[in-house]
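Q: Contents are JSON, C-alpha atoms; file name entry_16.json:
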```json
[["chain", "number", "residue", "atom", "x", "y", "z"],
["A", 10, "MET", "CA", 0.00, 0.00, 0.00],
["A", 11, "THR", "CA", 1.36, 3.42, -0.92],
["A", 12, "ALA", "CA", 0.51, 6.65, 0.78],
["A", 13, "GLU", "CA", -0.79, 9.44, -1.41],
["A", 14, "ALA", "CA", 0.17, 13.05, -0.89],
["A", 15, "PRO", "CA", -2.62, 15.13, 0.58],
["A", 16, "MET", "CA", -4.67, 17.02, -1.96],
["A", 17, "ALA", "CA", -4.00, 20.74, -2.22],
["A", 18, "PRO", "CA", -7.03, 22.83, -1.38],
["A", 19, "ALA", "CA", -8.90, 23.98, -4.47],
["A", 20, "LEU", "CA", -8.85, 27.73, -4.93],
["A", 21, "SER", "CA", -12.30, 29.16, -5.49],
["A", 22, "TYR", "CA", -10.87, 32.59, -6.30],
["A", 23, "GLY", "CA", -7.56, 34.28, -7.12],
["A", 24, "ARG", "CA", -4.30, 32.71, -8.25],
["A", 25, "LEU", "CA", -1.58, 30.65, -6.60],
["A", 26, "ILE", "CA", 1.89, 31.57, -7.92],
["A", 27, "PRO", "CA", 5.04, 29.67, -6.86],
["A", 28, "VAL", "CA", 7.89, 31.68, -5.30],
["A", 29, "THR", "CA", 11.33, 30.65, -4.06],
["A", 30, "VAL", "CA", 12.81, 31.48, -0.68],
["A", 31, "HIS", "CA", 16.59, 31.44, -0.84],
["A", 32, "PHE", "CA", 19.05, 30.90, 2.01],
["A", 33, "ASP", "CA", 20.01, 34.57, 2.00],
["A", 34, "ASP", "CA", 16.34, 35.56, 2.53],
["A", 35, "LEU", "CA", 16.61, 34.20, 6.06],
["A", 36, "ASP", "CA", 17.62, 36.40, 8.99],
["A", 37, "ALA", "CA", 20.20, 35.68, 11.73],
["A", 38, "LEU", "CA", 17.70, 33.42, 13.53],
["A", 39, "GLY", "CA", 17.11, 31.35, 10.39],
["A", 40, "LEU", "CA", 13.64, 32.81, 9.75],
["A", 41, "LEU", "CA", 12.39, 34.43, 6.56],
["A", 42, "HIS", "CA", 13.08, 38.12, 7.21],
["A", 43, "ASN", "CA", 9.86, 40.09, 7.68],
["A", 44, "ALA", "CA", 10.79, 42.52, 4.89],
["A", 45, "ARG", "CA", 11.14, 39.68, 2.37],
["A", 46, "TYR", "CA", 7.45, 38.69, 2.49],
["A", 47, "PRO", "CA", 6.24, 41.82, 0.63],
["A", 48, "VAL", "CA", 9.05, 41.45, -1.92],
["A", 49, "LEU", "CA", 8.06, 37.86, -2.68],
["A", 50, "VAL", "CA", 4.39, 38.84, -2.90],
["A", 51, "GLU", "CA", 5.32, 41.66, -5.30],
["A", 52, "ARG", "CA", 7.28, 39.24, -7.48],
["A", 53, "ALA", "CA", 4.30, 36.88, -7.73],
["A", 54, "TRP", "CA", 1.96, 39.80, -8.50],
["A", 55, "ALA", "CA", 4.33, 41.14, -11.20],
["A", 56, "GLU", "CA", 4.75, 37.68, -12.75],
["A", 57, "PHE", "CA", 0.99, 37.31, -13.08],
["A", 58, "TRP", "CA", 0.50, 40.71, -14.72],
["A", 59, "GLN", "CA", 3.53, 40.32, -16.99],
["A", 60, "GLY", "CA", 2.01, 37.06, -18.18],
["A", 61, "HIS", "CA", -1.02, 39.10, -19.25],
["A", 62, "GLY", "CA", 1.06, 41.71, -21.11],
["A", 63, "PHE", "CA", 1.29, 44.39, -18.40],
["A", 64, "ALA", "CA", 4.89, 45.25, -17.58],
["A", 65, "PHE", "CA", 7.23, 48.14, -16.86],
["A", 66, "GLU", "CA", 10.12, 48.10, -19.32],
["A", 67, "GLY", "CA", 11.83, 51.36, -18.42],
["A", 68, "ASP", "CA", 9.41, 53.89, -19.94],
["A", 69, "TRP", "CA", 6.73, 55.17, -17.54],
["A", 70, "ALA", "CA", 4.66, 56.72, -20.33],
["A", 71, "ALA", "CA", 4.54, 53.40, -22.20],
["A", 72, "ALA", "CA", 3.90, 51.44, -18.99],
["A", 73, "GLU", "CA", 0.24, 52.49, -18.85],
["A", 74, "ASP", "CA", -1.43, 50.27, -16.20],
["A", 75, "ALA", "CA", 1.97, 49.17, -14.89],
["A", 76, "CYS", "CA", 2.50, 52.81, -13.85],
["A", 77, "ASN", "CA", 1.09, 52.49, -10.35],
["A", 78, "ALA", "CA", 2.13, 53.06, -6.78],
["A", 79, "VAL", "CA", 1.46, 51.42, -3.44],
["A", 80, "LYS", "CA", -0.81, 53.50, -1.24],
["A", 81, "GLU", "CA", -1.10, 51.05, 1.66],
["A", 82, "LEU", "CA", 0.36, 47.72, 2.76],
["A", 83, "ARG", "CA", -0.90, 45.62, 5.67],
["A", 84, "ILE", "CA", 0.62, 42.30, 6.63],
["A", 85, "GLY", "CA", 0.22, 39.91, 9.53],
["A", 86, "TYR", "CA", 2.64, 37.09, 10.25],
["A", 87, "GLU", "CA", 1.09, 33.80, 11.35],
["A", 88, "ALA", "CA", 3.79, 31.12, 11.23],
["A", 89, "PRO", "CA", 7.55, 31.31, 10.68],
["A", 90, "VAL", "CA", 9.19, 30.22, 7.45],
["A", 91, "THR", "CA", 12.30, 28.40, 8.66],
["A", 92, "ARG", "CA", 13.93, 27.07, 5.51],
["A", 93, "PRO", "CA", 14.64, 27.85, 1.88],
["A", 94, "GLY", "CA", 12.50, 26.21, -0.76],
["A", 95, "THR", "CA", 9.44, 26.60, -2.90],
["A", 96, "TYR", "CA", 6.42, 28.34, -1.40],
["A", 97, "ALA", "CA", 3.51, 30.16, -3.02],
["A", 98, "VAL", "CA", 1.59, 33.40, -2.99],
["A", 99, "HIS", "CA", -2.17, 33.24, -3.22],
["A", 100, "PHE", "CA", -3.62, 36.60, -4.25],
["A", 101, "TRP", "CA", -6.97, 37.99, -5.32],
["A", 102, "LEU", "CA", -8.73, 41.30, -5.76],
["A", 103, "GLU", "CA", -10.91, 42.55, -2.94],
["A", 104, "ARG", "CA", -11.82, 45.74, -4.81],
["A", 105, "LEU", "CA", -11.32, 47.02, -8.34],
["A", 106, "GLY", "CA", -12.07, 50.73, -8.50],
["A", 107, "ASN", "CA", -11.72, 53.28, -11.27],
["A", 108, "THR", "CA", -8.16, 54.36, -10.36],
["A", 109, "GLY", "CA", -7.26, 52.02, -7.50],
["A", 110, "LEU", "CA", -7.52, 48.45, -6.36],
["A", 111, "THR", "CA", -7.07, 46.42, -3.23],
["A", 112, "TYR", "CA", -5.64, 42.96, -3.44],
["A", 113, "GLY", "CA", -5.48, 40.41, -0.68],
["A", 114, "PHE", "CA", -2.70, 37.89, -0.40],
["A", 115, "ARG", "CA", -1.46, 34.90, 1.55],
["A", 116, "PHE", "CA", 2.17, 33.80, 1.68],
["A", 117, "CYS", "CA", 1.69, 30.04, 1.95],
["A", 118, "SER", "CA", 3.02, 26.57, 1.43],
["A", 119, "GLU", "CA", 3.53, 25.49, -2.16],
["A", 120, "ASP", "CA", 0.16, 23.71, -2.18],
["A", 121, "GLY", "CA", -1.65, 26.62, -0.53],
["A", 122, "ALA", "CA", -2.61, 24.59, 2.54],
["A", 123, "LEU", "CA", -0.56, 26.42, 5.21],
["A", 124, "THR", "CA", -0.60, 30.21, 5.61],
["A", 125, "TYR", "CA", 2.56, 31.90, 6.92],
["A", 126, "ALA", "CA", 1.47, 35.51, 6.43],
["A", 127, "GLN", "CA", -1.48, 37.34, 4.97],
["A", 128, "GLY", "CA", -2.41, 40.88, 4.18],
["A", 129, "ALA", "CA", -3.63, 43.41, 1.68],
["A", 130, "ARG", "CA", -2.13, 46.02, -0.56],
["A", 131, "VAL", "CA", -3.76, 49.09, -2.12],
["A", 132, "LEU", "CA", -2.45, 50.25, -5.51],
["A", 133, "VAL", "CA", -3.26, 53.44, -7.40],
["A", 134, "ARG", "CA", -2.88, 53.73, -11.17],
["A", 135, "LEU", "CA", -0.90, 56.89, -12.02],
["A", 136, "ASP", "CA", -0.72, 59.16, -15.00],
["A", 137, "ALA", "CA", 2.97, 59.07, -15.98],
["A", 138, "ALA", "CA", 3.15, 62.80, -16.73],
["A", 139, "THR", "CA", 1.37, 64.17, -13.66],
["A", 140, "LEU", "CA", 1.72, 61.28, -11.15],
["A", 141, "ARG", "CA", -1.97, 61.85, -10.34],
["A", 142, "PRO", "CA", -4.52, 59.01, -10.20],
["A", 143, "ALA", "CA", -5.63, 57.78, -13.63],
["A", 144, "PRO", "CA", -8.20, 55.17, -14.66],
["A", 145, "TRP", "CA", -7.24, 51.56, -15.31],
["A", 146, "SER", "CA", -7.64, 50.48, -18.93],
["A", 147, "GLU", "CA", -10.56, 48.27, -19.86],
["A", 148, "ARG", "CA", -8.10, 45.50, -20.80],
["A", 149, "PHE", "CA", -6.57, 45.64, -17.31],
["A", 150, "ARG", "CA", -10.03, 45.73, -15.71],
["A", 151, "ALA", "CA", -11.10, 42.64, -17.69],
["A", 152, "VAL", "CA", -8.15, 40.62, -16.33],
["A", 153, "GLY", "CA", -8.69, 42.09, -12.87],
["A", 154, "ARG", "CA", -12.33, 40.99, -12.78],
["A", 155, "GLU", "CA", -11.11, 37.38, -13.06],
["A", 156, "LEU", "CA", -9.29, 37.88, -9.74],
["A", 157, "LEU", "CA", -12.22, 39.33, -7.79],
["A", 158, "ARG", "CA", -13.05, 37.43, -4.65],
["A", 159, "PRO", "CA", -16.71, 36.49, -4.53],
["A", 160, "ALA", "CA", -18.79, 38.14, -1.82],
["A", 161, "ASP", "CA", -19.20, 35.86, 1.19]]
```
Take the structure in the file and write it out as structure tokens.
A:
Amino acid sequence: MTAEAPMAPALSYGRLIPVTVHFDDLDALGLLHNARYPVLVERAWAEFWQGHGFAFEGDWAAAEDACNAVKELRIGYEAPVTRPGTYAVHFWLERLGNTGLTYGFRFCSEDGALTYAQGARVLVRLDAATLRPAPWSERFRAVGRELLRPAD
């Protein structure tokens, strides 16, 4: 008789993107440094959007929807990450407004079963010339709607 690996929980919303924690991401106590969580979440978020054709390639005017800034970041740490390896970021949209959005995230085990940290981030789309809020494009909004978390 062989034992089967436990099934990963099915995601009913959002995306689960693999990320790698490297040895040098750990602090002096051997824990994933608290400042690395947002960086890894940002990398997963950027990978998703780049895969849909939204990327910053050095020209803010051409970046369009990728020209955005963080307005707020909240994060709570629930369990320590104690070793390098493959983990995942589960993220989704809580709100998709005209010029801003709020996405929720979990830093979790590779299969999404164990949550190490969770939080939310507010982004504002900017006009490259004025750095004032600007509306998301309809193409961006269409992809974003696929990430919206259903109302409970």
Q: Compute the distance from (0.6, 49.4, -15.0) to each atom, counting all atoms listed in the file, keep the residues with any atom at most 9 Å away, and return them as a PDB file with C-alpha atoms, in the frame of the given file; use the coordinates of the file.
A:
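Output contents, as saved in selection_16.pdb:
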```pdb
ATOM      1  CA  TRP A  58       0.500  40.710 -14.720  1.00  0.00           C
ATOM      2  CA  PHE A  63       1.290  44.390 -18.400  1.00  0.00           C
ATOM      3  CA  ALA A  64       4.890  45.250 -17.580  1.00  0.00           C
ATOM      4  CA  PHE A  65       7.230  48.140 -16.860  1.00  0.00           C
ATOM      5  CA  TRP A  69       6.730  55.170 -17.540  1.00  0.00           C
ATOM      6  CA  ALA A  72       3.900  51.440 -18.990  1.00  0.00           C
ATOM      7  CA  GLU A  73       0.240  52.490 -18.850  1.00  0.00           C
ATOM      8  CA  ASP A  74      -1.430  50.270 -16.200  1.00  0.00           C
ATOM      9  CA  ALA A  75       1.970  49.170 -14.890  1.00  0.00           C
ATOM     10  CA  CYS A  76       2.500  52.810 -13.850  1.00  0.00           C
ATOM     11  CA  ASN A  77       1.090  52.490 -10.350  1.00  0.00           C
ATOM     12  CA  ARG A 134      -2.880  53.730 -11.170  1.00  0.00           C
ATOM     13  CA  LEU A 135      -0.900  56.890 -12.020  1.00  0.00           C
ATOM     14  CA  TRP A 145      -7.240  51.560 -15.310  1.00  0.00           C
ATOM     15  CA  PHE A 149      -6.570  45.640 -17.310  1.00  0.00           C
TER      16      PHE A 149
END
```
Q: Would you work out the distance separating atom CA of Ala78 of chain A from atom CA of His31 of chain A, expressed in Å to one decimal?
A: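 Those two atoms sit 26.7 Å apart.
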Q: Tell me which of A:Asn107, A:Thr29, A:Thr139, A:Thr91 sits closest to Val50 of chain A, counting all atoms listed in the file.
A: A:Thr29
Q: What does the structure give for the distance between atom CA of Tyr46 of chain A and atom CA of Gly23 of chain A, in Å to one decimal?
A: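 The value is 18.4 Å.
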Q: Please identify all polymer residues within 12 Å of Arg150 of chain A, counting all atoms listed in the file, omitting same-chain residues fewer than 4 positions from it, and present them as a ChimeraX atom specification.
A: /A:58,61,63,74,102,104-110,134,144-146,154-157
Q: Record the distance separating atom CA of Thr95 of chain A and atom CA of Tyr22 of chain A, expressed in Å with one decimal.
A: 21.4 Å
Q: Excluding same-chain residues fewer than 6 positions from Glu103 of chain A, what lies within 7 Å of it counting only C-alpha atoms, as a ChimeraX atom specification?
A: /A:111-113,157-158
